[in-house]
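Containing mmCIF, C-alpha atoms: my_file09.cif.
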data_entry
loop_
_atom_site.group_PDB
_atom_site.id
_atom_site.type_symbol
_atom_site.label_atom_id
_atom_site.label_comp_id
_atom_site.auth_asym_id
_atom_site.auth_seq_id
_atom_site.Cartn_x
_atom_site.Cartn_y
_atom_site.Cartn_z
ATOM 1 C CA MET I 29 -163.609 -217.594 121.495
ATOM 2 C CA LYS I 30 -161.024 -215.006 122.431
ATOM 3 C CA ARG I 31 -159.825 -214.816 118.879
ATOM 4 C CA GLU I 32 -163.422 -214.322 117.693
ATOM 5 C CA CYS I 33 -164.002 -211.511 120.222
ATOM 6 C CA SER I 34 -160.846 -209.797 119.108
ATOM 7 C CA SER I 35 -161.964 -209.828 115.462
ATOM 8 C CA ILE I 36 -165.469 -208.664 116.436
ATOM 9 C CA SER I 37 -164.156 -205.785 118.514
ATOM 10 C CA GLU I 38 -162.381 -204.518 115.420
ATOM 11 C CA LEU I 39 -165.784 -204.330 113.727
ATOM 12 C CA LEU I 40 -167.511 -202.593 116.640
ATOM 13 C CA ASP I 41 -166.573 -199.069 115.531
ATOM 14 C CA LYS I 42 -167.924 -199.686 112.029
ATOM 15 C CA TYR I 43 -171.018 -201.351 113.472
ATOM 16 C CA PHE I 44 -171.626 -198.399 115.769
ATOM 17 C CA ASP I 45 -171.314 -196.011 112.813
ATOM 18 C CA GLN I 46 -173.550 -198.276 110.704
ATOM 19 C CA GLU I 47 -170.847 -198.782 108.119
ATOM 20 C CA VAL I 48 -170.717 -202.595 108.203
ATOM 21 C CA THR I 49 -171.779 -204.973 105.464
ATOM 22 C CA PRO I 50 -174.808 -207.201 106.056
ATOM 23 C CA GLU I 51 -172.479 -210.167 106.657
ATOM 24 C CA GLU I 52 -170.436 -208.194 109.199
ATOM 25 C CA ARG I 53 -173.627 -206.958 110.868
ATOM 26 C CA SER I 54 -174.968 -210.498 111.369
ATOM 27 C CA LEU I 55 -171.541 -211.592 112.631
ATOM 28 C CA VAL I 56 -171.507 -208.825 115.283
ATOM 29 C CA GLU I 57 -175.135 -209.298 116.290
ATOM 30 C CA ASP I 58 -174.620 -213.074 116.693
ATOM 31 C CA HIS I 59 -171.607 -212.392 118.890
ATOM 32 C CA LEU I 60 -172.955 -209.623 121.148
ATOM 33 C CA PRO I 61 -175.461 -211.674 123.266
ATOM 34 C CA SER I 62 -172.684 -214.013 124.302
ATOM 35 C CA CYS I 63 -169.968 -211.371 124.971
ATOM 36 C CA PRO I 64 -170.442 -208.885 127.852
ATOM 37 C CA ALA I 65 -167.137 -207.167 127.047
ATOM 38 C CA CYS I 66 -168.221 -206.253 123.524
ATOM 39 C CA ARG I 67 -171.677 -205.170 124.746
ATOM 40 C CA SER I 68 -169.978 -202.979 127.315
ATOM 41 C CA ALA I 69 -167.669 -201.480 124.661
ATOM 42 C CA LEU I 70 -170.660 -200.726 122.428
ATOM 43 C CA LEU I 71 -172.522 -199.111 125.301
ATOM 44 C CA SER I 72 -169.488 -196.943 126.084
ATOM 45 C CA MET I 73 -169.403 -195.747 122.493
ATOM 46 C CA GLY I 74 -173.070 -194.701 122.733
ATOM 47 C CA ASN I 75 -172.517 -192.882 125.989
ATOM 48 C CA LEU I 76 -169.491 -191.090 124.647
ATOM 49 C CA ARG I 77 -171.387 -189.926 121.576
ATOM 50 C CA ASN I 78 -174.246 -188.592 123.678
ATOM 51 C CA LEU I 79 -171.740 -186.841 125.904
ATOM 52 C CA ILE I 80 -170.148 -185.016 122.974
ATOM 53 C CA LYS I 81 -173.251 -184.483 120.846
ATOM 54 C CA SER I 82 -175.283 -182.248 123.164
ATOM 55 C CA PRO I 83 -172.680 -179.538 123.824
ATOM 56 C CA VAL I 84 -171.621 -179.450 120.166
ATOM 57 C CA GLU I 85 -175.198 -179.038 118.976
ATOM 58 C CA GLU I 86 -175.767 -176.281 121.511
ATOM 59 C CA ALA I 87 -172.591 -174.499 120.373
ATOM 60 C CA VAL I 88 -173.593 -174.763 116.699
ATOM 61 C CA GLU I 89 -177.020 -173.308 117.436
ATOM 62 C CA ARG I 90 -175.484 -170.348 119.275
ATOM 63 C CA GLU I 91 -172.743 -169.667 116.740
ATOM 64 C CA ASN I 92 -173.410 -168.073 113.301
ATOM 65 C CA PHE I 93 -169.832 -168.475 112.091
ATOM 66 C CA PRO I 94 -169.199 -164.891 110.836
ATOM 67 C CA TRP I 95 -165.705 -165.806 109.673
ATOM 68 C CA VAL I 96 -167.189 -168.406 107.346
ATOM 69 C CA TRP I 97 -169.371 -165.774 105.657
ATOM 70 C CA GLU I 98 -166.462 -163.369 105.423
ATOM 71 C CA LYS I 99 -164.441 -166.005 103.669
ATOM 72 C CA ILE I 100 -167.264 -166.734 101.208
ATOM 73 C CA GLU I 101 -167.710 -163.016 100.458
ATOM 74 C CA ARG I 102 -163.962 -162.612 99.882
ATOM 75 C CA GLY I 103 -164.094 -165.512 97.455
ATOM 76 C CA ILE I 104 -167.007 -163.961 95.545
ATOM 77 C CA GLN I 105 -165.237 -160.590 95.341
ATOM 78 C CA GLN I 106 -162.048 -162.178 94.007
ATOM 79 C CA GLU I 107 -164.083 -163.945 91.355
ATOM 80 C CA GLU I 108 -165.736 -160.647 90.364
ATOM 81 C CA LYS I 109 -162.342 -158.997 89.799
ATOM 82 C CA LEU I 110 -161.544 -161.150 86.769
ATOM 83 C CA GLY I 111 -159.959 -159.410 83.768
ATOM 84 C CA LEU I 112 -161.929 -158.839 80.557
ATOM 85 C CA TRP I 113 -160.507 -161.788 78.654
ATOM 86 C CA GLU I 114 -160.710 -164.036 81.722
ATOM 87 C CA SER I 115 -164.338 -163.079 82.102
ATOM 88 C CA VAL I 116 -165.035 -163.816 78.447
ATOM 89 C CA TRP I 117 -163.334 -167.168 78.640
ATOM 90 C CA SER I 118 -164.950 -168.078 81.928
ATOM 91 C CA TRP I 119 -168.279 -167.249 80.294
ATOM 92 C CA LEU I 120 -167.386 -169.434 77.336
ATOM 93 C CA ASP I 121 -166.368 -172.169 79.744
ATOM 94 C CA MET I 122 -169.766 -172.068 81.329
ATOM 95 C CA ILE I 123 -171.752 -172.545 78.187
ATOM 96 C CA SER I 124 -171.961 -175.562 76.015
ATOM 97 C CA LEU I 125 -170.281 -173.737 73.121
ATOM 98 C CA ARG I 126 -167.056 -174.677 74.822
ATOM 99 C CA LYS I 127 -167.456 -178.084 73.319
ATOM 100 C CA LYS I 128 -165.582 -178.022 70.046
ATOM 101 C CA LYS I 129 -168.385 -179.467 67.978
ATOM 102 C CA ILE I 130 -170.447 -176.357 68.617
ATOM 103 C CA LEU I 131 -167.771 -173.724 69.163
ATOM 104 C CA ILE I 132 -166.088 -173.882 65.753
ATOM 105 C CA PRO I 133 -169.301 -173.703 63.652
ATOM 106 C CA ALA I 134 -170.593 -170.951 65.924
ATOM 107 C CA VAL I 135 -167.431 -168.868 65.518
ATOM 108 C CA ALA I 136 -167.439 -169.498 61.756
ATOM 109 C CA ALA I 137 -171.063 -168.390 61.508
ATOM 110 C CA VAL I 138 -170.357 -165.199 63.451
ATOM 111 C CA VAL I 139 -167.305 -164.416 61.303
ATOM 112 C CA ILE I 140 -169.235 -164.969 58.071
ATOM 113 C CA LEU I 141 -172.071 -162.806 59.341
ATOM 114 C CA ILE I 142 -169.661 -160.030 60.253
ATOM 115 C CA LEU I 143 -167.837 -160.313 56.928
ATOM 116 C CA ILE I 144 -171.128 -159.910 55.102
ATOM 117 C CA THR I 145 -172.442 -157.043 57.188
ATOM 118 C CA ALA I 146 -169.197 -155.148 57.859
ATOM 119 C CA PRO I 147 -168.681 -153.861 54.288
ATOM 120 C CA LEU I 148 -172.313 -152.725 54.123
ATOM 121 C CA LEU I 149 -171.988 -151.026 57.477
ATOM 122 C CA TYR I 150 -168.629 -149.592 56.487
ATOM 123 C CA GLU I 151 -170.039 -148.230 53.253
ATOM 124 C CA LYS I 152 -172.957 -146.695 55.124
ATOM 125 C CA MET I 153 -170.675 -145.103 57.702
ATOM 126 C CA SER I 154 -168.459 -143.831 54.934
ATOM 127 C CA SER I 155 -171.193 -142.156 52.940
ATOM 128 C CA TYR I 156 -170.058 -138.697 52.118
ATOM 129 C CA PRO I 157 -170.303 -136.809 55.397
ATOM 130 C CA VAL I 158 -169.364 -133.260 54.482
ATOM 131 C CA LEU I 159 -170.703 -130.783 51.999
ATOM 132 C CA SER I 160 -167.408 -129.403 50.810
ATOM 133 C CA VAL I 161 -165.703 -131.464 48.133
ATOM 134 C CA VAL I 162 -163.298 -128.717 47.135
ATOM 135 C CA GLU I 163 -160.512 -128.098 49.609
ATOM 136 C CA TYR I 164 -158.997 -125.134 47.772
ATOM 137 C CA VAL I 165 -158.758 -123.570 44.313
ATOM 138 C CA GLU I 166 -155.976 -121.437 42.915
ATOM 139 C CA SER I 167 -155.907 -119.723 39.546
ATOM 140 C CA ASP I 168 -153.804 -116.824 38.333
ATOM 141 C CA THR I 169 -155.620 -116.759 35.004
ATOM 142 C CA TYR I 170 -159.308 -116.909 35.852
ATOM 143 C CA ASN I 171 -161.778 -115.867 38.481
ATOM 144 C CA VAL I 172 -163.234 -118.929 40.092
ATOM 145 C CA MET I 173 -166.624 -119.759 41.554
ATOM 146 C CA ILE I 174 -167.573 -123.002 43.283
ATOM 147 C CA TYR I 175 -171.089 -124.438 43.142
ATOM 148 C CA GLU I 176 -172.012 -127.169 45.538
ATOM 149 C CA ARG I 177 -175.383 -128.778 45.960
ATOM 150 C CA GLU I 178 -176.295 -131.861 47.977
ATOM 151 C CA ALA I 179 -179.478 -132.921 46.197
ATOM 152 C CA PRO I 180 -178.609 -133.816 43.548
ATOM 153 C CA GLN I 181 -174.955 -134.019 44.546
ATOM 154 C CA VAL I 182 -173.280 -131.477 42.339
ATOM 155 C CA THR I 183 -169.901 -129.815 42.689
ATOM 156 C CA VAL I 184 -168.756 -127.498 39.941
ATOM 157 C CA ILE I 185 -165.702 -125.260 39.720
ATOM 158 C CA TRP I 186 -166.456 -122.578 37.153
ATOM 159 C CA LEU I 187 -163.889 -120.299 35.569
ATOM 160 C CA PHE I 188 -164.558 -116.720 34.473
ATOM 161 C CA GLU I 189 -162.577 -114.510 32.170
ATOM 162 C CA GLY I 190 -163.405 -111.357 34.094
ATOM 163 C CA PRO I 191 -165.217 -110.136 37.180
ATOM 164 C CA ASP I 192 -168.231 -108.847 35.210
ATOM 165 C CA GLU I 193 -168.961 -112.170 33.602
ATOM 166 C CA GLU I 194 -171.941 -114.084 34.971
ATOM 167 C CA PRO I 195 -172.323 -117.841 34.986
ATOM 168 C CA LEU I 196 -174.819 -119.461 32.674
ATOM 169 C CA THR I 197 -177.037 -120.703 35.415
ATOM 170 C CA SER I 198 -180.579 -121.828 34.813
ATOM 171 C CA MET X 3 -151.985 -170.734 72.960
ATOM 172 C CA ARG X 4 -154.763 -172.158 70.840
ATOM 173 C CA ARG X 5 -157.132 -169.556 72.256
ATOM 174 C CA LYS X 6 -154.792 -166.739 71.194
ATOM 175 C CA ALA X 7 -154.571 -168.208 67.710
ATOM 176 C CA TYR X 8 -158.359 -168.316 67.466
ATOM 177 C CA PHE X 9 -158.598 -164.703 68.556
ATOM 178 C CA PHE X 10 -155.923 -163.590 66.110
ATOM 179 C CA VAL X 11 -157.641 -165.270 63.165
ATOM 180 C CA ILE X 12 -161.005 -163.798 64.127
ATOM 181 C CA LEU X 13 -159.452 -160.351 64.577
ATOM 182 C CA VAL X 14 -157.842 -160.456 61.132
ATOM 183 C CA PHE X 15 -161.147 -161.474 59.554
ATOM 184 C CA LEU X 16 -162.988 -158.715 61.351
ATOM 185 C CA LEU X 17 -160.522 -156.026 60.384
ATOM 186 C CA SER X 18 -159.959 -157.167 56.812
ATOM 187 C CA PRO X 19 -162.541 -154.820 55.227
ATOM 188 C CA PHE X 20 -161.095 -151.906 57.167
ATOM 189 C CA LEU X 21 -157.497 -152.854 56.433
ATOM 190 C CA GLY X 22 -158.370 -152.902 52.744
ATOM 191 C CA GLY X 23 -159.577 -149.341 53.043
ATOM 192 C CA VAL X 24 -156.466 -148.259 54.874
ATOM 193 C CA ALA X 25 -154.070 -149.779 52.401
ATOM 194 C CA PHE X 26 -155.491 -147.652 49.502
ATOM 195 C CA ALA X 27 -152.721 -148.574 47.092
ATOM 196 C CA GLN X 28 -154.607 -147.009 44.197
ATOM 197 C CA VAL X 29 -157.725 -145.075 43.348
ATOM 198 C CA GLN X 30 -159.467 -144.976 40.018
ATOM 199 C CA VAL X 31 -160.726 -141.714 38.654
ATOM 200 C CA ARG X 32 -162.882 -141.382 35.586
ATOM 201 C CA VAL X 33 -162.156 -138.313 33.499
ATOM 202 C CA ARG X 34 -164.828 -137.144 31.098
ATOM 203 C CA VAL X 35 -164.409 -134.052 28.981
ATOM 204 C CA MET X 36 -167.490 -132.641 27.328
ATOM 205 C CA GLU X 37 -168.477 -129.630 25.289
ATOM 206 C CA ALA X 38 -171.543 -127.897 26.648
ATOM 207 C CA SER X 39 -173.388 -125.481 24.401
ATOM 208 C CA ASN X 40 -176.746 -124.121 23.454
ATOM 209 C CA ALA X 41 -176.371 -125.188 19.852
ATOM 210 C CA GLY X 42 -178.775 -128.055 19.353
ATOM 211 C CA SER X 43 -179.939 -130.383 22.066
ATOM 212 C CA GLY X 44 -179.199 -133.799 23.466
ATOM 213 C CA PHE X 45 -176.383 -135.511 25.286
ATOM 214 C CA ASP X 46 -174.298 -138.633 25.002
ATOM 215 C CA SER X 47 -175.678 -141.588 26.930
ATOM 216 C CA SER X 48 -172.429 -141.938 28.889
ATOM 217 C CA LEU X 49 -173.056 -138.432 30.254
ATOM 218 C CA ARG X 50 -176.503 -139.250 31.625
ATOM 219 C CA ASP X 51 -175.470 -138.976 35.298
ATOM 220 C CA LEU X 52 -173.629 -135.693 34.723
ATOM 221 C CA HIS X 53 -176.433 -134.304 32.573
ATOM 222 C CA ASP X 54 -178.839 -134.816 35.481
ATOM 223 C CA GLN X 55 -176.459 -133.011 37.826
ATOM 224 C CA LEU X 56 -175.356 -130.183 35.562
ATOM 225 C CA GLY X 57 -178.843 -129.730 34.131
ATOM 226 C CA SER X 58 -180.045 -128.681 37.582
ATOM 227 C CA LEU X 59 -177.442 -125.916 37.657
ATOM 228 C CA PHE X 60 -176.774 -124.726 34.096
ATOM 229 C CA SER X 61 -178.895 -123.900 31.120
ATOM 230 C CA PHE X 62 -176.910 -125.664 28.411
ATOM 231 C CA SER X 63 -179.076 -127.547 25.982
ATOM 232 C CA SER X 64 -176.418 -129.846 24.583
ATOM 233 C CA TYR X 65 -173.598 -131.910 26.094
ATOM 234 C CA ARG X 66 -171.172 -133.637 23.725
ATOM 235 C CA LEU X 67 -168.589 -136.105 25.016
ATOM 236 C CA LEU X 68 -165.054 -135.383 23.808
ATOM 237 C CA LYS X 69 -163.006 -137.706 26.012
ATOM 238 C CA ASP X 70 -163.725 -140.527 28.434
ATOM 239 C CA GLU X 71 -160.816 -142.128 30.210
ATOM 240 C CA THR X 72 -160.335 -143.879 33.550
ATOM 241 C CA VAL X 73 -156.953 -143.503 35.212
ATOM 242 C CA SER X 74 -155.487 -145.384 38.167
ATOM 243 C CA LEU X 75 -153.710 -143.099 40.585
ATOM 244 C CA SER X 76 -150.995 -144.242 42.970
ATOM 245 C CA LEU X 77 -150.163 -142.280 46.055
ATOM 246 C CA ASN X 78 -148.161 -139.119 45.289
ATOM 247 C CA GLN X 79 -147.538 -140.133 41.687
ATOM 248 C CA PRO X 80 -148.935 -137.529 39.279
ATOM 249 C CA VAL X 81 -150.631 -138.717 36.103
ATOM 250 C CA SER X 82 -151.000 -136.346 33.161
ATOM 251 C CA LEU X 83 -153.334 -136.624 30.235
ATOM 252 C CA PRO X 84 -154.143 -134.207 27.433
ATOM 253 C CA ILE X 85 -157.629 -132.740 27.365
ATOM 254 C CA PRO X 86 -159.239 -130.516 24.791
ATOM 255 C CA PRO X 87 -158.702 -127.748 23.897
ATOM 256 C CA GLU X 88 -154.905 -128.127 23.983
ATOM 257 C CA ARG X 89 -154.750 -128.362 27.741
ATOM 258 C CA SER X 90 -153.148 -130.816 30.096
ATOM 259 C CA LEU X 91 -154.760 -132.330 33.152
ATOM 260 C CA GLU X 92 -152.523 -133.549 35.959
ATOM 261 C CA LEU X 93 -154.024 -135.658 38.759
ATOM 262 C CA THR X 94 -152.153 -136.551 41.954
ATOM 263 C CA PHE X 95 -153.546 -138.845 44.615
ATOM 264 C CA ILE X 96 -152.512 -137.081 47.835
ATOM 265 C CA ASN X 97 -154.252 -138.828 50.696
ATOM 266 C CA GLN X 98 -157.181 -140.988 51.672
ATOM 267 C CA ASN X 99 -159.513 -140.506 54.599
ATOM 268 C CA ARG X 100 -161.577 -143.707 54.930
ATOM 269 C CA VAL X 101 -163.047 -144.013 51.420
ATOM 270 C CA THR X 102 -162.626 -140.394 50.439
ATOM 271 C CA ALA X 103 -159.585 -139.740 48.290
ATOM 272 C CA GLU X 104 -157.899 -136.360 48.208
ATOM 273 C CA ILE X 105 -156.791 -135.570 44.686
ATOM 274 C CA ARG X 106 -154.855 -132.554 43.503
ATOM 275 C CA VAL X 107 -155.968 -131.388 40.090
ATOM 276 C CA LYS X 108 -153.852 -129.138 37.932
ATOM 277 C CA ILE X 109 -154.891 -127.844 34.523
ATOM 278 C CA THR X 110 -152.200 -126.266 32.379
ATOM 279 C CA ARG X 111 -152.030 -124.801 28.887
ATOM 280 C CA SER X 112 -148.648 -124.521 27.139
ATOM 281 C CA GLY X 113 -146.914 -125.090 30.474
ATOM 282 C CA ARG X 114 -148.855 -122.308 32.177
ATOM 283 C CA ASP X 115 -150.981 -123.132 35.223
ATOM 284 C CA LEU X 116 -154.606 -122.302 34.613
ATOM 285 C CA LEU X 117 -156.052 -123.914 37.708
ATOM 286 C CA THR X 118 -154.878 -125.865 40.736
ATOM 287 C CA THR X 119 -157.351 -127.382 43.147
ATOM 288 C CA LEU X 120 -157.568 -130.079 45.786
ATOM 289 C CA VAL X 121 -160.780 -132.092 45.752
ATOM 290 C CA ARG X 122 -162.100 -134.860 47.993
ATOM 291 C CA LEU X 123 -163.744 -137.593 46.002
ATOM 292 C CA ALA X 124 -165.845 -140.306 47.600
ATOM 293 C CA PRO X 125 -167.019 -143.258 45.503
ATOM 294 C CA GLY X 126 -169.918 -142.151 43.328
ATOM 295 C CA ARG X 127 -169.140 -138.474 43.805
ATOM 296 C CA SER X 128 -168.021 -136.205 40.964
ATOM 297 C CA VAL X 129 -166.490 -132.787 40.534
ATOM 298 C CA SER X 130 -166.821 -130.818 37.310
ATOM 299 C CA ILE X 131 -164.505 -128.065 36.210
ATOM 300 C CA GLY X 132 -165.885 -125.802 33.509
ATOM 301 C CA GLY X 133 -165.609 -122.443 31.865
ATOM 302 C CA PRO X 134 -164.933 -119.861 30.856
ATOM 303 C CA ASN X 135 -168.313 -119.128 29.337
ATOM 304 C CA PRO X 136 -168.546 -119.726 25.605
ATOM 305 C CA LYS X 137 -168.260 -116.949 23.070
ATOM 306 C CA ARG X 138 -170.855 -116.704 20.354
ATOM 307 C CA GLY X 139 -171.111 -119.921 18.397
ATOM 308 C CA GLU X 140 -168.718 -121.820 20.644
ATOM 309 C CA GLY X 141 -169.186 -124.405 23.345
ATOM 310 C CA THR X 142 -167.577 -124.422 26.743
ATOM 311 C CA ILE X 143 -165.445 -127.269 27.957
ATOM 312 C CA ILE X 144 -166.366 -129.097 31.148
ATOM 313 C CA THR X 145 -164.064 -131.668 32.661
ATOM 314 C CA ALA X 146 -165.764 -134.056 35.076
ATOM 315 C CA LEU X 147 -163.802 -136.164 37.567
ATOM 316 C CA SER X 148 -165.608 -138.996 39.299
ATOM 317 C CA ARG X 149 -164.902 -142.206 41.195
ATOM 318 C CA PRO X 150 -166.634 -145.506 40.551
ATOM 319 C CA LYS X 151 -169.058 -146.684 43.254
ATOM 320 C CA THR X 152 -166.941 -149.477 44.647
ATOM 321 C CA ILE X 153 -165.621 -149.979 48.146
ATOM 322 C CA GLN X 154 -162.200 -151.156 47.122
ATOM 323 C CA GLU X 155 -160.435 -149.812 44.090
#
How does this structure look as structure tokens?
Amino acid sequence: MKRECSSISELLDKYFDQEVTPEERSLVEDHLPSCPACRSALLSMGNLRNLIKSPVEEAVERENFPWVWEKIERGIQQEEKLGLWESVWSWLDMISLRKKKILIPAVAAVVILILITAPLLYEKMSSYPVLSVVEYVESDTYNVMIYEREAPQVTVIWLFEGPDEEPLTS
Amino acid sequence: MRRKAYFFVILVFLLSPFLGGVAFAQVQVRVRVMEASNAGSGFDSSLRDLHDQLGSLFSFSSYRLLKDETVSLSLNQPVSLPIPPERSLELTFINQNRVTAEIRVKITRSGRDLLTTLVRLAPGRSVSIGGPNPKRGEGTIITALSRPKTIQE
């Protein structure tokens, strides 16, 4: 009997916290009616919990834990101060592209798209931006006149024998 | 490490069209020499683009092709070719700004400089050098320099 009480008392804490298995529960509940010591121990546990619970709950209701919020805000701010690459990678980590089966085809598609569009864009950006095609002209023999027209694009350097000569313009 | 490798490969792919433009090992320049006159009418079919341009500016009725040659120019390496009438044309690829090539053009006759100029040629753009005006019964010589319309030479 004493041995049984000893083994049951080891289960009392778990029983009180409702963490016992069904077998352990029936074992304890069969034992309790016949053991005043275990009943008393269980009652003490209940009293002790009630004794602690009320003041703690009152303290929690009064307290808003400002230090906890400060800590959370600090954590958020540190996360916001990520570097550019870290931000990019953390973004990639968050999306499903991170999985290799999607990431590699996605990157390949973007690269192909850029390779196709970049030359077109480059050519468009590089379309002739300035009117002047002729940087300079030097001639000791002739007088020189430069014609430039944008539509149609025409640039002509015309040589003259003398100052009185006129070009054959239409 | 693998992430850096990915980024490097992507970066090279992205910059490849631009790197090609920066390298500019060579540029091609088409040289066409023609005789423009008012004797007769018509023009060679290979001068169609120039006829449209020059026709808006000059009153010549006839354009006859005398020479058509495409030369590849390397940086700072002059290329000379004879052009009618008994002149020499020297082209030197000086510099490239994006797709626009700076080319120094020198025309000489019997070793004497007739004309030196620096022109900026973008793909599809042409520069014509002509004159002096023809005497009676003669045509005037026009030398047209142009670059093919391609991104990479």
Practice problem: Give me the residues within 9 Å of region 43-51 of chain X as number ranges by chain, counting only C-alpha atoms and dropping any in the same chain fewer than 4 places off. | Solution: X: 34, 36, 39, 55-56, 62-67, 70
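The shortest atom-to-atom distance to chain X, with all atoms listed in the file taken into account, belongs to I:Val135 out of I:Val116, I:Val96, I:Cys33, I:Val135.
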Practice problem: Rounded to one decimal place, report the CA of Asp115 (chain X)-CA of Leu187 (chain I) distance in Å. | Solution: 13.2 Å
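Checking X:Glu140, X:Glu37, X:Asp54, X:Glu88 one by one against chain I, counting all atoms listed in the file, you find the shortest gap at X:Asp54.
Of the listed residues I:Leu70, I:Val48, I:Val162, I:Ile144, the one whose atoms come nearest to chain X is I:Val162, with distances taken using only C-alpha atoms.
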Quiz prompt | Resolved residues for the PyMOL selection byres ((chain X and resi 128) around 8) as a PyMOL selection string | solution = (chain I and resi 182-183) or (chain X and resi 123+126-127+129-130+146-149)
Could you write out as an mmCIF file with C-alpha atoms, in the frame of the given file the residues that the PyMOL selection byres ((chain X) within 8 of (chain I)) matches in the shown file?
data_model
loop_
_atom_site.group_PDB
_atom_site.id
_atom_site.type_symbol
_atom_site.label_atom_id
_atom_site.label_comp_id
_atom_site.auth_asym_id
_atom_site.auth_seq_id
_atom_site.Cartn_x
_atom_site.Cartn_y
_atom_site.Cartn_z
ATOM 1 C CA ILE X 12 -161.005 -163.798 64.127
ATOM 2 C CA PHE X 15 -161.147 -161.474 59.554
ATOM 3 C CA LEU X 16 -162.988 -158.715 61.351
ATOM 4 C CA PRO X 19 -162.541 -154.820 55.227
ATOM 5 C CA PHE X 20 -161.095 -151.906 57.167
ATOM 6 C CA GLN X 55 -176.459 -133.011 37.826
ATOM 7 C CA LEU X 56 -175.356 -130.183 35.562
ATOM 8 C CA SER X 58 -180.045 -128.681 37.582
ATOM 9 C CA LEU X 59 -177.442 -125.916 37.657
ATOM 10 C CA PHE X 60 -176.774 -124.726 34.096
ATOM 11 C CA SER X 61 -178.895 -123.900 31.120
ATOM 12 C CA PHE X 62 -176.910 -125.664 28.411
ATOM 13 C CA ARG X 100 -161.577 -143.707 54.930
ATOM 14 C CA VAL X 101 -163.047 -144.013 51.420
ATOM 15 C CA THR X 102 -162.626 -140.394 50.439
ATOM 16 C CA ASP X 115 -150.981 -123.132 35.223
ATOM 17 C CA LEU X 116 -154.606 -122.302 34.613
ATOM 18 C CA LEU X 117 -156.052 -123.914 37.708
ATOM 19 C CA THR X 118 -154.878 -125.865 40.736
ATOM 20 C CA THR X 119 -157.351 -127.382 43.147
ATOM 21 C CA LEU X 120 -157.568 -130.079 45.786
ATOM 22 C CA VAL X 121 -160.780 -132.092 45.752
ATOM 23 C CA ARG X 122 -162.100 -134.860 47.993
ATOM 24 C CA LEU X 123 -163.744 -137.593 46.002
ATOM 25 C CA ALA X 124 -165.845 -140.306 47.600
ATOM 26 C CA ARG X 127 -169.140 -138.474 43.805
ATOM 27 C CA SER X 128 -168.021 -136.205 40.964
ATOM 28 C CA VAL X 129 -166.490 -132.787 40.534
ATOM 29 C CA SER X 130 -166.821 -130.818 37.310
ATOM 30 C CA ILE X 131 -164.505 -128.065 36.210
ATOM 31 C CA GLY X 132 -165.885 -125.802 33.509
ATOM 32 C CA GLY X 133 -165.609 -122.443 31.865
ATOM 33 C CA PRO X 134 -164.933 -119.861 30.856
ATOM 34 C CA ASN X 135 -168.313 -119.128 29.337
ATOM 35 C CA ILE X 153 -165.621 -149.979 48.146
#
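Atom pair CA of Ile105 (chain X) / CA of Thr145 (chain I) has a distance of 29.4 Å (rounded to one decimal).
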Practice problem: Could you tell me how far CA of Leu83 (chain X) lies from CA of Ala41 (chain X), in Å and to one decimal? | Solution: 27.7 Å
Please identify all polymer residues within 9 Å of Ile96 (chain X), counting all atoms listed in the file, omitting same-chain residues fewer than 2 positions from it, and present them as a PDB file with C-alpha atoms, in the coordinates of the input.
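Final file, result-v1.pdb:
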ATOM      1  CA  SER X  76    -150.995-144.242  42.970  1.00  0.00           C
ATOM      2  CA  LEU X  77    -150.163-142.280  46.055  1.00  0.00           C
ATOM      3  CA  ASN X  78    -148.161-139.119  45.289  1.00  0.00           C
ATOM      4  CA  GLN X  79    -147.538-140.133  41.687  1.00  0.00           C
ATOM      5  CA  THR X  94    -152.153-136.551  41.954  1.00  0.00           C
ATOM      6  CA  GLN X  98    -157.181-140.988  51.672  1.00  0.00           C
ATOM      7  CA  ALA X 103    -159.585-139.740  48.290  1.00  0.00           C
ATOM      8  CA  GLU X 104    -157.899-136.360  48.208  1.00  0.00           C
ATOM      9  CA  ILE X 105    -156.791-135.570  44.686  1.00  0.00           C
ATOM     10  CA  ARG X 106    -154.855-132.554  43.503  1.00  0.00           C
ATOM     11  CA  LEU X 120    -157.568-130.079  45.786  1.00  0.00           C
TER      12      LEU X 120
END
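Closest to Phe95 (chain X) among X:Val33, X:Ala38, X:Val81, X:Ile109 is X:Val81, based on all atoms listed in the file.
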Kindly provide, as lines of an AutoDock Vina configuration file, the centre and edge lengths (Å, one decimal) of an axis-aligned box around all atoms of region 63-79 of chain X given in the file, with 4 Å on each side.
center_x = -163.3
center_y = -136.5
center_z = 34.9
size_x = 39.5
size_y = 25.8
size_z = 30.3
